[in-house]
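As provided, upload-v8.tsv (TSV, C-alpha atoms) reads as follows.
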```tsv
chain	number	residue	atom	x	y	z
J	30	MET	CA	261.41	-34.41	112.26
J	31	ARG	CA	261.46	-30.67	113.03
J	32	ARG	CA	257.65	-30.55	113.03
J	33	LEU	CA	257.46	-33.51	115.41
J	34	LEU	CA	259.95	-31.94	117.83
J	35	LEU	CA	258.00	-28.68	117.82
J	36	ALA	CA	254.81	-30.59	118.56
J	37	LEU	CA	256.49	-32.41	121.42
J	38	ALA	CA	257.76	-29.12	122.83
J	39	ALA	CA	254.16	-27.88	122.87
J	40	LEU	CA	253.38	-30.58	125.43
J	41	LEU	CA	255.74	-29.09	128.00
J	42	PRO	CA	253.39	-26.52	129.59
J	43	LEU	CA	251.53	-29.50	131.08
J	44	ALA	CA	254.60	-30.62	132.99
J	45	GLY	CA	255.60	-29.48	136.44
J	46	CYS	CA	259.10	-28.71	137.68
J	47	GLY	CA	260.40	-30.74	140.58
J	48	LYS	CA	263.24	-30.25	143.02
J	49	GLY	CA	266.17	-32.59	143.41
J	50	PRO	CA	269.75	-33.12	142.29
J	51	ALA	CA	271.01	-31.20	139.30
J	52	PRO	CA	270.10	-33.07	136.09
J	53	ASP	CA	273.75	-33.68	135.21
J	54	ALA	CA	274.15	-35.70	138.44
J	55	LEU	CA	271.88	-38.45	137.07
J	56	ASP	CA	271.95	-40.62	133.99
J	57	THR	CA	269.17	-40.45	131.39
J	58	ASP	CA	267.04	-43.25	132.83
J	59	GLU	CA	267.33	-41.93	136.39
J	60	LYS	CA	266.14	-38.51	135.21
J	61	ILE	CA	263.14	-40.11	133.52
J	62	VAL	CA	262.18	-42.20	136.56
J	63	ARG	CA	262.67	-39.27	138.93
J	64	SER	CA	260.32	-37.12	136.84
J	65	VAL	CA	257.62	-39.82	137.06
J	66	LEU	CA	258.10	-40.06	140.82
J	67	GLN	CA	257.73	-36.29	141.12
J	68	VAL	CA	254.30	-36.56	139.52
J	69	LEU	CA	253.27	-39.47	141.77
J	70	ALA	CA	254.15	-37.45	144.88
J	71	SER	CA	252.94	-34.08	143.61
J	72	ASP	CA	249.82	-34.20	145.80
J	73	GLY	CA	252.01	-34.01	148.90
J	74	LYS	CA	251.30	-37.56	150.09
J	75	PRO	CA	254.09	-40.14	150.62
J	76	VAL	CA	254.86	-42.74	147.97
J	77	CYS	CA	256.50	-46.07	148.82
J	78	VAL	CA	258.05	-47.63	145.72
J	79	SER	CA	260.04	-50.76	144.90
J	80	ARG	CA	263.76	-50.12	144.52
J	81	LEU	CA	264.03	-51.95	141.19
J	82	THR	CA	262.02	-51.31	138.04
J	83	PHE	CA	260.23	-54.33	136.65
J	84	GLY	CA	258.87	-55.20	133.21
J	85	SER	CA	258.25	-53.25	130.03
J	86	PRO	CA	256.17	-50.05	130.13
J	87	LEU	CA	254.53	-50.62	126.75
J	88	SER	CA	253.48	-54.28	126.71
J	89	GLN	CA	249.95	-53.41	127.91
J	90	PHE	CA	249.77	-50.48	125.51
J	91	ARG	CA	250.72	-52.62	122.52
J	92	VAL	CA	248.20	-55.34	123.39
J	93	ALA	CA	245.43	-52.82	124.09
J	94	THR	CA	245.84	-50.83	120.91
J	95	ARG	CA	245.74	-54.00	118.82
J	96	GLY	CA	242.93	-55.77	120.68
J	97	GLN	CA	239.64	-55.38	122.51
J	98	LEU	CA	240.74	-53.75	125.78
J	99	PRO	CA	239.64	-50.22	124.77
J	100	ARG	CA	236.06	-51.54	124.69
J	101	TYR	CA	236.24	-52.05	128.46
J	102	TYR	CA	238.49	-49.19	129.58
J	103	ASP	CA	238.71	-45.54	128.61
J	104	LEU	CA	242.27	-45.84	127.30
J	105	ASP	CA	243.55	-42.53	126.03
J	106	TRP	CA	246.11	-39.83	126.85
J	107	PHE	CA	245.31	-37.32	129.59
J	108	PRO	CA	247.18	-34.62	131.52
J	109	PRO	CA	249.47	-36.32	134.09
J	110	LEU	CA	248.17	-36.65	137.64
J	111	PRO	CA	249.26	-38.45	140.82
J	112	TRP	CA	248.13	-42.09	140.90
J	113	ARG	CA	246.32	-43.08	144.11
J	114	PRO	CA	244.35	-46.31	144.62
J	115	PRO	CA	241.34	-46.61	146.91
J	116	ALA	CA	241.29	-49.11	149.75
J	117	MET	CA	241.51	-52.61	148.30
J	118	PRO	CA	239.88	-55.74	149.78
J	119	THR	CA	242.28	-58.17	151.42
J	120	GLN	CA	242.68	-61.74	150.18
J	121	LYS	CA	240.68	-62.91	153.21
J	122	GLN	CA	237.86	-60.49	152.44
J	123	LEU	CA	237.72	-61.71	148.86
J	124	ARG	CA	237.69	-65.39	149.93
J	125	ASP	CA	235.01	-64.73	152.56
J	126	ALA	CA	232.84	-62.92	150.01
J	127	VAL	CA	233.11	-65.82	147.56
J	128	ALA	CA	232.34	-68.34	150.31
J	129	ALA	CA	229.25	-66.34	151.31
J	130	GLY	CA	228.04	-65.98	147.73
J	131	ARG	CA	228.60	-62.22	147.68
J	132	ASP	CA	230.18	-60.22	144.89
J	133	ALA	CA	233.95	-59.98	145.37
J	134	ASN	CA	235.10	-57.00	143.39
J	135	ILE	CA	238.28	-54.99	143.16
J	136	PRO	CA	237.51	-51.27	142.70
J	137	GLU	CA	237.83	-50.05	139.12
J	138	PRO	CA	240.03	-47.03	138.37
J	139	PRO	CA	238.02	-43.84	137.92
J	140	ALA	CA	237.25	-42.75	134.37
J	141	ARG	CA	238.98	-39.63	133.05
J	142	THR	CA	237.05	-37.05	131.04
J	143	ASP	CA	239.87	-34.59	130.26
J	144	PRO	CA	241.81	-36.01	127.30
J	145	LEU	CA	244.72	-34.14	125.78
J	146	PRO	CA	244.14	-32.39	122.44
J	147	ARG	CA	243.87	-34.83	119.54
J	148	GLU	CA	247.23	-33.94	117.95
J	149	LYS	CA	249.12	-34.49	121.19
J	150	ARG	CA	247.35	-37.79	121.81
J	151	SER	CA	248.24	-38.92	118.30
J	152	ILE	CA	251.92	-38.00	118.74
J	153	LEU	CA	252.23	-39.86	122.05
J	154	SER	CA	250.41	-42.93	120.74
J	155	GLY	CA	252.54	-43.05	117.61
J	156	LEU	CA	255.77	-42.80	119.56
J	157	ALA	CA	254.64	-45.37	122.13
J	158	PHE	CA	253.59	-47.90	119.51
J	159	ALA	CA	256.80	-47.40	117.49
J	160	ILE	CA	259.05	-48.38	120.42
J	161	SER	CA	256.71	-50.92	122.03
J	162	PRO	CA	258.08	-54.09	120.31
J	163	PRO	CA	260.18	-56.36	122.56
J	164	ALA	CA	263.18	-55.77	120.29
J	165	THR	CA	263.39	-52.14	121.50
J	166	GLU	CA	265.87	-51.88	124.35
J	167	LEU	CA	264.43	-51.84	127.87
J	168	HIS	CA	266.41	-49.79	130.42
J	169	SER	CA	266.28	-50.95	134.04
J	170	VAL	CA	266.78	-48.52	136.91
J	171	ARG	CA	267.72	-48.92	140.57
J	172	LEU	CA	266.02	-46.30	142.71
J	173	ARG	CA	268.43	-44.66	145.15
J	174	GLU	CA	267.53	-42.50	148.13
J	175	SER	CA	270.08	-39.87	147.09
J	176	TRP	CA	267.92	-38.71	144.17
J	177	MET	CA	264.39	-39.44	145.37
J	178	PRO	CA	261.94	-36.52	145.21
J	179	LYS	CA	260.48	-35.28	148.48
J	180	GLY	CA	257.95	-37.76	149.86
J	181	VAL	CA	259.16	-40.79	147.88
J	182	ILE	CA	260.49	-43.72	149.94
J	183	PRO	CA	262.25	-46.58	148.13
J	184	ARG	CA	261.58	-49.85	149.97
J	185	TRP	CA	264.03	-52.71	150.12
J	186	TRP	CA	262.28	-55.34	152.18
J	187	PRO	CA	258.65	-56.49	152.60
J	188	GLY	CA	256.88	-55.29	155.70
J	189	ARG	CA	259.12	-52.31	156.24
J	190	GLY	CA	256.26	-50.59	158.01
J	191	ASP	CA	254.45	-48.63	155.34
J	192	ALA	CA	251.84	-47.37	157.81
J	193	LYS	CA	254.54	-45.65	159.88
J	194	LEU	CA	255.92	-44.11	156.69
J	195	GLY	CA	252.46	-42.88	155.76
J	196	CYS	CA	252.09	-45.28	152.82
J	197	ASP	CA	249.12	-47.57	152.20
J	198	ALA	CA	250.43	-49.15	148.98
J	199	ASN	CA	253.67	-50.17	147.32
J	200	TYR	CA	254.23	-48.78	143.84
J	201	VAL	CA	256.16	-50.63	141.14
J	202	LEU	CA	257.66	-48.75	138.20
J	203	SER	CA	258.47	-50.45	134.93
J	204	GLY	CA	261.73	-50.11	133.10
J	205	VAL	CA	262.19	-47.27	130.62
J	206	LYS	CA	261.67	-47.38	126.87
J	207	ARG	CA	262.84	-44.26	125.07
J	208	THR	CA	264.02	-42.48	121.99
J	209	ASP	CA	266.31	-39.45	122.06
J	210	HIS	CA	263.39	-37.14	122.84
J	211	ALA	CA	260.52	-39.25	124.25
J	212	ALA	CA	260.21	-41.92	126.95
J	213	PHE	CA	257.57	-44.08	128.63
J	214	VAL	CA	257.28	-45.55	132.14
J	215	ALA	CA	254.37	-47.63	133.47
J	216	VAL	CA	253.26	-47.62	137.11
J	217	ARG	CA	251.45	-50.44	138.92
J	218	VAL	CA	249.89	-50.23	142.36
J	219	HIS	CA	247.61	-52.88	143.85
J	220	HIS	CA	245.59	-53.98	140.79
J	221	TRP	CA	245.75	-50.71	138.88
J	222	GLY	CA	248.07	-49.75	136.05
J	223	THR	CA	248.84	-46.55	134.17
J	224	LEU	CA	251.46	-45.22	131.75
J	225	TYR	CA	253.33	-41.91	131.73
J	226	GLY	CA	254.83	-40.30	128.63
J	227	LEU	CA	257.77	-37.90	128.86
J	228	VAL	CA	259.72	-35.58	126.57
J	229	THR	CA	263.10	-33.90	126.91
J	230	HIS	CA	263.23	-30.48	128.54
J	231	GLY	CA	266.71	-29.00	128.29
J	232	ASP	CA	269.00	-31.44	130.10
J	233	ASP	CA	266.11	-33.05	131.96
J	234	TRP	CA	262.80	-34.82	131.22
J	235	ARG	CA	259.22	-33.83	131.95
J	236	VAL	CA	256.03	-35.90	132.13
J	237	VAL	CA	253.52	-34.65	129.56
J	238	GLY	CA	250.83	-37.33	129.36
J	239	GLN	CA	249.18	-40.19	131.23
J	240	TRP	CA	247.57	-43.14	129.44
J	241	GLY	CA	245.02	-45.51	130.86
J	242	PRO	CA	244.04	-46.48	133.45
J	243	TRP	CA	243.48	-50.24	133.40
J	244	LEU	CA	242.86	-53.05	135.86
J	245	TYR	CA	245.18	-56.05	135.86
```
Would you kindly transcribe this structure into structure tokens?
Amino acid sequence: MRRLLLALAALLPLAGCGKGPAPDALDTDEKIVRSVLQVLASDGKPVCVSRLTFGSPLSQFRVATRGQLPRYYDLDWFPPLPWRPPAMPTQKQLRDAVAAGRDANIPEPPARTDPLPREKRSILSGLAFAISPPATELHSVRLRESWMPKGVIPRWWPGRGDAKLGCDANYVLSGVKRTDHAAFVAVRVHHWGTLYGLVTHGDDWRVVGQWGPWLY
């Protein structure tokens, strides 16, 4: 156990520090979600996100690591980055393309070529797979404006006016699966998905890895 904790601690230099309420003002799951949101908004652009988390973060991971999905996507652990989709075709554009006999494609996520060191990837994958079964508790979180990082806007109704807020997509975060020292949160936007891994850092949490991406 001591060796594993030391290895996890070695992941921390990859994580950034964000501003916001003192860690003791939030519960464990709020700290985890806030840290993921800090990464999503770390490029200085606004992020519109659903107020409620939805689904398990590790269902895709568990299926992928036991099936054929890695043949089609470069699924591995990378340094965490913001998650920004390109412009997506509308439903009308897709229907019109099909009607005209043209290809109707949704853009694929870009491939990453900067994987984490092998030992760190192995640690994150082992932890993720160990807590991926449905029997592991899933923690839901309600996103509140009082602890949102700068640039993150929690929505609460469709058509709020994302363009005026500077957003061109609505992000959906999964619930949290965690141990005492590691946690995982998935993020979906348009038809893209990714997964962030976190470890404890004092009284707070820090994102240390990003898995994926995949198209859903």
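Straight-line separation from CA of Trp221 in chain J to CA of Leu244 in chain J: 4.8 Å.
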(request) Would you list the contacts of Cys77 in chain J as number ranges by chain, taking every protein, DNA or RNA residue within 9 Å and counting all atoms listed in the file, but skipping same-chain residues closer than 5 positions in sequence? (result) J: 180-184, 191, 194-201
(request) Name the closest residue to Phe213 in chain J among the candidates J:Leu110, J:Leu69, J:Ile61, J:Leu81; distances are taken between atoms, counting all atoms listed in the file. (result) J:Ile61
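Of the listed residues J:Ala140, J:Val205, J:Ile135, J:Ala211, the one whose atoms come nearest to Ser154 in chain J is J:Ala211, with distances taken using all atoms listed in the file.
Put simply, CA of Gly241 in chain J is 13.5 Å away from CA of Arg113 in chain J.
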What are the centre and edge lengths in Å, to one decimal, of the axis-aligned box around all listed atoms of range 56-75 of chain J with 3 Å added on each side, as JSON?
```
{"center_x": 260.9, "center_y": -38.6, "center_z": 141.0, "size_x": 28.1, "size_y": 15.2, "size_z": 25.2}
```
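CA of Arg124 in chain J to CA of His219 in chain J spans 17.1 Å [interatomic distance, one decimal].
Checking J:Ala212, J:Leu172, J:Leu202, J:Leu104 one by one against Arg141 in chain J, counting all atoms listed in the file, you find the shortest gap at J:Leu104.
Within 12 Å of the point (265.2, -51.7, 125.0) in file coordinates, and counting all atoms listed in the file, lie the residues Asp58, Gly84, Ser85, Pro86, Leu87, Ile160, Ser161, Pro162, Pro163, Ala164, Thr165, Glu166, Leu167, His168, Ser169, Gly204, Val205, Lys206, Arg207, Thr208, Ala212 and Phe213 of chain J.
With all atoms listed in the file as the atoms that count, the minimum distance from Tyr245 in chain J to the choices J:Asp209, J:Lys60, J:Pro136, J:Gly155 is reached by J:Pro136.
Among J:Asp72, J:Glu59, J:Glu148, J:Glu174, the residue with the shortest atom-to-atom distance to Pro111 in chain J, counting all atoms listed in the file, is J:Asp72.
Compared by their closest atoms to Pro144 in chain J, and using all atoms listed in the file, the residues J:Ala215, J:Gln89, J:Gln239, J:Arg131 rank with J:Gln239 nearest.
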(message) Set the distance at 10 Å and use all atoms listed in the file: which residues neighbour Leu227 in chain J once local chain neighbours fewer than 2 positions away are removed? I'd like the list as a VMD selection string.
(response) chain J and resid 37 40 to 41 44 61 to 62 64 to 65 109 153 207 210 to 214 225 229 to 230 234 to 239
